[in-house]
Amino acid sequence: MNAAPIGIFDSGIGGLTVARAIYERLPMESTIYFGDTARVPYGPKSPDTVRRYSLEILDWLLTQGVKSVVVACNTSTAHALDALRAASPVPVLGVIEPGARAAAEATRGGGIGVIGTAGTVASQAYPAAIHRLLPAAKIEQVACPLFVPLVEEGWFEHPATRLVADEYLAPLRSMGADTLVLGCTHYPLLKPLLHRVMGESVALIDSAEETASSLAVALESAGTASGVEVPGRHRFVVSDDQARFLQVGARFLGERLGEPELVRLG
Ligand code: DGL
């Protein structure tokens, strides 16, 4: 039993979808969420830069006494997970393995679409992880960078978002994907629209929920689950612009979002 907090980090606000899934799955766990709002987006940045930023955040989270770290950002998981694990004395969990596992289980015909940032798609991390589990899977990826600002605008059902989604997802519809991996923190907020564009029979894989389940299993098996019978406490920390984090973050978390602290890194 261990009442220390879980560290969760993302390039910015989007990782709150993962935080929310963790609060729901593990209500007695406390967390510290770090959003690197000074340096977002990670999607178009080089693997080296994303790795350096991620290691800086890990170092800071470790100074806060976290018992494990969840890399909520897909791009950071794609470029930095191995480096983070090598540098960390506590377990580090990414979002890609859990999402890949869920996709491999969900597909019926083996046709899997993956959408993510340019960095995540270029890294080939999702296809590699899915192919390890399902070598025969037919995978196509599409980078969907415009979804991030559309979600941050709150345009979940806006006609402009529908137009962009139609364009991005056309190749995945033509390949007959029966499963779509939402390989970016922001995309779970577009689920209803993506369902309509892809067809209701297509399984949408939300890495957030899968990651929260994997975290629950990892804490249990390591014997580090919280022993306390009171709801967990949640801290929010950003590297810039607390006001915008509060305003946009409320769309992700509602009233559970607390006043963020400011910590400058680098
Ligand atoms: N958090 C990023 C991800 O999941 C999306 C936003 C960004 O580009 O930084 O890949």
# chains A, B, ... in the order shown; residues from 1 in each chain; ligands from 1
>>> residues_near_ligand(ligand="ligand 1", cutoff="9 Å", atoms="only C-alpha atoms and all ligand atoms", output="JSON, numbers by chain")
{"A": [10, 11, 12, 13, 14, 15, 36, 37, 39, 40, 41, 42, 43, 44, 45, 72, 73, 74, 75, 76, 77, 78, 95, 116, 117, 118, 119, 120, 145, 148, 149, 183, 184, 185, 186, 187]}
>>> residues_around(residues="segment 236-251 of chain A", least_positions_apart="6", cutoff="7 Å", atoms="only C-alpha atoms", output="PyMOL selection string")
chain A and resi 13+32-38+152+257-265
>>> write_last_selection(atoms="N, CA, C and O atoms", output="PDB file, in the first residue's frame")
ATOM      1  N   ILE A  13      -2.750  20.308 -22.402  1.00  0.00           N
ATOM      2  CA  ILE A  13      -4.065  20.132 -21.773  1.00  0.00           C
ATOM      3  C   ILE A  13      -4.685  18.779 -22.104  1.00  0.00           C
ATOM      4  O   ILE A  13      -5.434  18.207 -21.316  1.00  0.00           O
ATOM      5  N   ILE A  32      -0.570  14.010  -9.576  1.00  0.00           N
ATOM      6  CA  ILE A  32      -0.043  15.331  -9.954  1.00  0.00           C
ATOM      7  C   ILE A  32      -0.010  15.352 -11.474  1.00  0.00           C
ATOM      8  O   ILE A  32       0.647  14.509 -12.097  1.00  0.00           O
ATOM      9  N   TYR A  33      -0.732  16.264 -12.063  1.00  0.00           N
ATOM     10  CA  TYR A  33      -0.775  16.380 -13.522  1.00  0.00           C
ATOM     11  C   TYR A  33       0.138  17.532 -13.943  1.00  0.00           C
ATOM     12  O   TYR A  33      -0.021  18.659 -13.473  1.00  0.00           O
ATOM     13  N   PHE A  34       1.092  17.234 -14.832  1.00  0.00           N
ATOM     14  CA  PHE A  34       1.954  18.297 -15.369  1.00  0.00           C
ATOM     15  C   PHE A  34       1.641  18.497 -16.844  1.00  0.00           C
ATOM     16  O   PHE A  34       1.770  17.569 -17.660  1.00  0.00           O
ATOM     17  N   GLY A  35       1.233  19.694 -17.218  1.00  0.00           N
ATOM     18  CA  GLY A  35       0.977  20.037 -18.627  1.00  0.00           C
ATOM     19  C   GLY A  35       2.030  21.030 -19.095  1.00  0.00           C
ATOM     20  O   GLY A  35       2.149  22.120 -18.531  1.00  0.00           O
ATOM     21  N   ASP A  36       2.781  20.653 -20.119  1.00  0.00           N
ATOM     22  CA  ASP A  36       3.901  21.495 -20.571  1.00  0.00           C
ATOM     23  C   ASP A  36       3.390  22.576 -21.532  1.00  0.00           C
ATOM     24  O   ASP A  36       3.794  22.651 -22.702  1.00  0.00           O
ATOM     25  N   THR A  37       2.513  23.426 -20.993  1.00  0.00           N
ATOM     26  CA  THR A  37       1.818  24.402 -21.838  1.00  0.00           C
ATOM     27  C   THR A  37       2.751  25.449 -22.461  1.00  0.00           C
ATOM     28  O   THR A  37       2.381  26.091 -23.430  1.00  0.00           O
ATOM     29  N   ALA A  38       3.964  25.594 -21.898  1.00  0.00           N
ATOM     30  CA  ALA A  38       4.917  26.544 -22.481  1.00  0.00           C
ATOM     31  C   ALA A  38       5.488  26.005 -23.796  1.00  0.00           C
ATOM     32  O   ALA A  38       5.930  26.783 -24.646  1.00  0.00           O
ATOM     33  N   GLU A 152      -9.350  22.121 -29.021  1.00  0.00           N
ATOM     34  CA  GLU A 152      -9.070  23.176 -28.038  1.00  0.00           C
ATOM     35  C   GLU A 152     -10.050  24.340 -28.184  1.00  0.00           C
ATOM     36  O   GLU A 152     -10.315  25.066 -27.225  1.00  0.00           O
ATOM     37  N   LEU A 257     -11.404  20.151 -12.301  1.00  0.00           N
ATOM     38  CA  LEU A 257     -10.137  20.841 -12.566  1.00  0.00           C
ATOM     39  C   LEU A 257      -9.863  21.856 -11.466  1.00  0.00           C
ATOM     40  O   LEU A 257     -10.668  22.757 -11.233  1.00  0.00           O
ATOM     41  N   GLY A 258      -8.703  21.712 -10.793  1.00  0.00           N
ATOM     42  CA  GLY A 258      -8.344  22.651  -9.721  1.00  0.00           C
ATOM     43  C   GLY A 258      -7.454  23.767 -10.252  1.00  0.00           C
ATOM     44  O   GLY A 258      -6.950  23.698 -11.374  1.00  0.00           O
ATOM     45  N   GLU A 259      -7.261  24.786  -9.453  1.00  0.00           N
ATOM     46  CA  GLU A 259      -6.387  25.923  -9.796  1.00  0.00           C
ATOM     47  C   GLU A 259      -4.965  25.412 -10.081  1.00  0.00           C
ATOM     48  O   GLU A 259      -4.357  24.769  -9.230  1.00  0.00           O
ATOM     49  N   PRO A 260      -4.422  25.679 -11.284  1.00  0.00           N
ATOM     50  CA  PRO A 260      -3.087  25.142 -11.575  1.00  0.00           C
ATOM     51  C   PRO A 260      -1.945  25.963 -10.968  1.00  0.00           C
ATOM     52  O   PRO A 260      -2.059  27.181 -10.842  1.00  0.00           O
ATOM     53  N   GLU A 261      -0.868  25.265 -10.582  1.00  0.00           N
ATOM     54  CA  GLU A 261       0.355  25.926 -10.134  1.00  0.00           C
ATOM     55  C   GLU A 261       1.244  26.153 -11.357  1.00  0.00           C
ATOM     56  O   GLU A 261       1.101  25.458 -12.348  1.00  0.00           O
ATOM     57  N   LEU A 262       2.197  27.083 -11.237  1.00  0.00           N
ATOM     58  CA  LEU A 262       3.117  27.356 -12.338  1.00  0.00           C
ATOM     59  C   LEU A 262       4.525  26.865 -11.979  1.00  0.00           C
ATOM     60  O   LEU A 262       5.045  27.221 -10.935  1.00  0.00           O
ATOM     61  N   VAL A 263       5.099  26.015 -12.834  1.00  0.00           N
ATOM     62  CA  VAL A 263       6.484  25.564 -12.640  1.00  0.00           C
ATOM     63  C   VAL A 263       7.196  25.694 -13.984  1.00  0.00           C
ATOM     64  O   VAL A 263       6.733  25.145 -14.985  1.00  0.00           O
ATOM     65  N   ARG A 264       8.271  26.461 -14.014  1.00  0.00           N
ATOM     66  CA  ARG A 264       9.014  26.629 -15.275  1.00  0.00           C
ATOM     67  C   ARG A 264      10.151  25.614 -15.327  1.00  0.00           C
ATOM     68  O   ARG A 264      10.886  25.462 -14.368  1.00  0.00           O
ATOM     69  N   LEU A 265      10.264  24.931 -16.468  1.00  0.00           N
ATOM     70  CA  LEU A 265      11.330  23.936 -16.635  1.00  0.00           C
ATOM     71  C   LEU A 265      12.310  24.415 -17.700  1.00  0.00           C
ATOM     72  O   LEU A 265      11.999  25.296 -18.481  1.00  0.00           O
TER      73      LEU A 265
END
>>> residues_around(residues="Ser226 of chain A", least_positions_apart="4", cutoff="8 Å", atoms="only C-alpha atoms", output="PyMOL selection string")
chain A and resi 1-4+28-29
>>> atom_distance(atom1="atom CA of Gly254 of chain A", atom2="atom CA of Gly154 of chain A")
12.9 Å
>>> select_by_dssp(residues="segment 24-257 of chain A", states="helix (DSSP H, G or I)", output="PyMOL selection string")
chain A and resi 24-25+47-63+74-87+96-106+118-123+125-133+147-152+159-174+187-198+207-222+242-256
>>> residues_around(residues="Pro5 of chain A", least_positions_apart="4", cutoff="6 Å", atoms="only C-alpha atoms", output="ChimeraX atom specification")
/A:30-31,66
>>> closest_residue(among="A:Thr224, A:Glu209, A:Asp82, A:Ala128", to="Glu24 of chain A", atoms="only C-alpha atoms")
A:Glu209
>>> residues_around(residues="Leu253 of chain A", least_positions_apart="5", cutoff="9 Å", atoms="only C-alpha atoms", output="ChimeraX atom specification")
/A:16-17,19-20
>>> write_last_selection(atoms="N, CA, C and O atoms", output="short mmCIF file (atom, residue, chain, number, x, y, z; two decimals), in the first residue's frame")
data_model
loop_
_atom_site.label_atom_id
_atom_site.label_comp_id
_atom_site.auth_asym_id
_atom_site.auth_seq_id
_atom_site.Cartn_x
_atom_site.Cartn_y
_atom_site.Cartn_z
N LEU A 16 -5.48 15.58 -20.02
CA LEU A 16 -6.54 15.53 -19.01
C LEU A 16 -7.56 14.44 -19.34
O LEU A 16 -8.26 13.96 -18.46
N THR A 17 -7.64 14.02 -20.62
CA THR A 17 -8.54 12.90 -20.95
C THR A 17 -8.03 11.62 -20.26
O THR A 17 -8.82 10.80 -19.81
N ALA A 19 -6.08 11.71 -17.50
CA ALA A 19 -6.26 11.96 -16.07
C ALA A 19 -7.70 11.61 -15.65
O ALA A 19 -7.91 10.94 -14.64
N ARG A 20 -8.65 12.04 -16.46
CA ARG A 20 -10.06 11.78 -16.13
C ARG A 20 -10.33 10.28 -16.05
O ARG A 20 -10.98 9.79 -15.13
#
